[in-house]
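Asks: Dumping the structure here so I can ask a few things about it.
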Amino acid sequence: QVQLVESGGGLVQPGESLRLSCTAPKNIVSIYAMGWYRRAPGKQRELVAEQTDTGYTVYADSVKGRFTISRDNVKNTVYLEMNNLKPEDTAVYYCKVDIQVGVRDDYWGQGTQVTVSS
């Protein structure tokens with residue numbers, strides 16, 4: 001069982017910033033795409049940003065220009081830098097990592113709450 005460890009959520013005011021991180025176990029060597037999804041109250045889970053192992057990156061239109069995804073392949077960690085946060089960014093954020101451990105599969109973090117409120 002692969003466990004991803006997320007951190008970095010919290011309560012901030014509109015316009016402020018947060019950085020989320022998600023780390024996969026260090027003994028895993030085959031990591032492909034790493035990304036972030038979110039689920040707001042009453043809504044379906046949606047893609048926020050994802051980056052492949054070759055560097056291809058995709059963002060949701062609602063976060064372009066404000067959020068930046070990056071990864072540290074030595075640390076097996078993916079980050080989400082969130083700037084100029086808005087109330088509509090309030091959600092539980094989940095990381096998703098495409099990993100090959102025997103078979104190739106997607107693994108999810110436990111989720112971290114981000115609340116943007118004045």
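Numbering starts fresh at 1 for the residues of each chain in the structure tokens, the chains themselves are lettered A, B, ... in the order given, and ligands are numbered from 1 as they appear.
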Please provide the set of residues having any atom within 6 Å of Gly9 in chain A, restricted to only C-alpha atoms, with same-chain residues fewer than 4 positions apart removed, written as a VMD selection string.
Replies: chain A and resid 112 to 114
Asks: Can you tell me, as a ChimeraX atom specification, what residues are no more than 6 Å from range 61-71 of chain A when counting only C-alpha atoms, ignoring any on the same chain fewer than 5 positions away?
Replies: /A:77-83
Asks: Those same residues, written as a PDB file, in the first residue's frame with N, CA, C and O atoms?
Replies:
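Resulting contents of again33.pdb:
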ATOM      1  N   THR A  77       8.189  14.558  -4.270  1.00  0.00           N
ATOM      2  CA  THR A  77       7.218  15.510  -3.735  1.00  0.00           C
ATOM      3  C   THR A  77       6.674  16.408  -4.844  1.00  0.00           C
ATOM      4  O   THR A  77       7.426  16.840  -5.717  1.00  0.00           O
ATOM      5  N   VAL A  78       5.381  16.674  -4.764  1.00  0.00           N
ATOM      6  CA  VAL A  78       4.739  17.626  -5.647  1.00  0.00           C
ATOM      7  C   VAL A  78       4.194  18.774  -4.792  1.00  0.00           C
ATOM      8  O   VAL A  78       3.714  18.549  -3.679  1.00  0.00           O
ATOM      9  N   TYR A  79       4.321  19.977  -5.315  1.00  0.00           N
ATOM     10  CA  TYR A  79       3.894  21.178  -4.605  1.00  0.00           C
ATOM     11  C   TYR A  79       2.809  21.894  -5.404  1.00  0.00           C
ATOM     12  O   TYR A  79       2.737  21.777  -6.629  1.00  0.00           O
ATOM     13  N   LEU A  80       2.006  22.660  -4.682  1.00  0.00           N
ATOM     14  CA  LEU A  80       1.051  23.548  -5.327  1.00  0.00           C
ATOM     15  C   LEU A  80       1.150  24.893  -4.620  1.00  0.00           C
ATOM     16  O   LEU A  80       0.750  25.019  -3.459  1.00  0.00           O
ATOM     17  N   GLU A  81       1.732  25.849  -5.316  1.00  0.00           N
ATOM     18  CA  GLU A  81       1.834  27.208  -4.800  1.00  0.00           C
ATOM     19  C   GLU A  81       0.569  27.943  -5.216  1.00  0.00           C
ATOM     20  O   GLU A  81       0.273  28.058  -6.418  1.00  0.00           O
ATOM     21  N   MET A  82      -0.178  28.435  -4.240  1.00  0.00           N
ATOM     22  CA  MET A  82      -1.459  29.092  -4.515  1.00  0.00           C
ATOM     23  C   MET A  82      -1.377  30.540  -4.073  1.00  0.00           C
ATOM     24  O   MET A  82      -1.194  30.818  -2.879  1.00  0.00           O
ATOM     25  N   ASN A  83      -1.475  31.444  -5.022  1.00  0.00           N
ATOM     26  CA  ASN A  83      -1.405  32.876  -4.751  1.00  0.00           C
ATOM     27  C   ASN A  83      -2.745  33.533  -5.045  1.00  0.00           C
ATOM     28  O   ASN A  83      -3.559  33.011  -5.811  1.00  0.00           O
TER      29      ASN A  83
END
Asks: For Thr54 in chain A, list every protein, DNA or RNA residue within 12 Å, evaluated using only C-alpha atoms, and leave out those in the same chain fewer than 5 positions away; present the list as a VMD selection string.
Replies: chain A and resid 31 to 34 71 73
Asks: So, counting only C-alpha atoms, which residue among A:Gln3, A:Trp36, A:Val103, A:Val97 is closest to Arg19 in chain A?
Replies: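 Checking each of A:Gln3, A:Trp36, A:Val103, A:Val97 against Arg19 in chain A, counting only C-alpha atoms, the winner is A:Trp36.
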Asks: I'd like to know which residues of chain A are helix (DSSP H, G or I) (by DSSP, run on the backbone); could you write them as number ranges by chain?
Replies: A: 61-63, 87-89
Asks: What is the distance between CA of Thr23 in chain A and CA of Asn76 in chain A, in Å to one decimal?
Replies: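 A separation of 5.7 Å between them.
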Asks: For Val5 in chain A, work out the shell of residues within 10 Å, counting only C-alpha atoms and skipping chain neighbours fewer than 6 positions away, then give it as a ChimeraX atom specification.
Replies: /A:21-25,77,95,108-112
Asks: Can I get the selection written as a short mmCIF file (atom, residue, chain, number, x, y, z; two decimals), in the first residue's frame, with N, CA, C and O atoms?
Replies:
data_model
loop_
_atom_site.label_atom_id
_atom_site.label_comp_id
_atom_site.auth_asym_id
_atom_site.auth_seq_id
_atom_site.Cartn_x
_atom_site.Cartn_y
_atom_site.Cartn_z
N SER A 21 1.94 20.57 -0.15
CA SER A 21 2.93 19.59 -0.57
C SER A 21 2.37 18.18 -0.40
O SER A 21 1.49 17.94 0.44
N CYS A 22 2.88 17.28 -1.19
CA CYS A 22 2.44 15.88 -1.17
C CYS A 22 3.67 15.02 -1.46
O CYS A 22 4.30 15.19 -2.51
N THR A 23 3.98 14.11 -0.55
CA THR A 23 5.19 13.31 -0.67
C THR A 23 4.86 11.82 -0.75
O THR A 23 4.09 11.31 0.06
N ALA A 24 5.47 11.18 -1.74
CA ALA A 24 5.36 9.73 -1.88
C ALA A 24 6.55 9.08 -1.18
O ALA A 24 7.58 9.73 -0.95
N PRO A 25 6.42 7.81 -0.83
CA PRO A 25 7.53 7.14 -0.15
C PRO A 25 8.82 7.21 -0.96
O PRO A 25 8.81 7.12 -2.20
N THR A 77 8.19 14.56 -4.27
CA THR A 77 7.22 15.51 -3.73
C THR A 77 6.67 16.41 -4.84
O THR A 77 7.43 16.84 -5.72
N CYS A 95 -3.94 15.31 -3.52
CA CYS A 95 -2.93 15.03 -4.53
C CYS A 95 -3.20 13.64 -5.13
O CYS A 95 -3.76 12.77 -4.46
N TRP A 108 -3.98 8.34 -4.12
CA TRP A 108 -4.51 9.61 -3.65
C TRP A 108 -4.03 9.92 -2.24
O TRP A 108 -3.89 9.01 -1.41
N GLY A 109 -3.80 11.22 -1.99
CA GLY A 109 -3.52 11.67 -0.64
C GLY A 109 -4.78 11.71 0.19
O GLY A 109 -5.89 11.51 -0.31
N GLN A 110 -4.61 12.02 1.48
CA GLN A 110 -5.74 11.99 2.40
C GLN A 110 -6.61 13.24 2.31
O GLN A 110 -7.71 13.27 2.84
N GLY A 111 -6.10 14.26 1.64
CA GLY A 111 -6.84 15.51 1.51
C GLY A 111 -6.44 16.51 2.58
O GLY A 111 -6.16 16.15 3.72
N THR A 112 -6.41 17.76 2.17
CA THR A 112 -6.10 18.84 3.12
C THR A 112 -7.07 20.00 2.85
O THR A 112 -7.31 20.37 1.69
#
Asks: Just want the 9 Å neighbourhood of Ala60 in chain A, counted on only C-alpha atoms, with same-chain residues fewer than 4 positions away dropped. Output as a list in words.
Replies: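 Residues meeting the cut-off are Glu46, Leu47, Val48, Ala49 and Lys64 of chain A.
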Asks: How many Å lie between CA of Ser30 in chain A and CA of Tyr94 in chain A, rounded to one decimal?
Replies: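 That distance, rounded to one decimal, is 20.2 Å.
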Asks: Figure out the distance between CA of Gln100 in chain A and CA of Val74 in chain A, please, to one decimal in Å.
Replies: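 Interatomic distance here is 16.4 Å.
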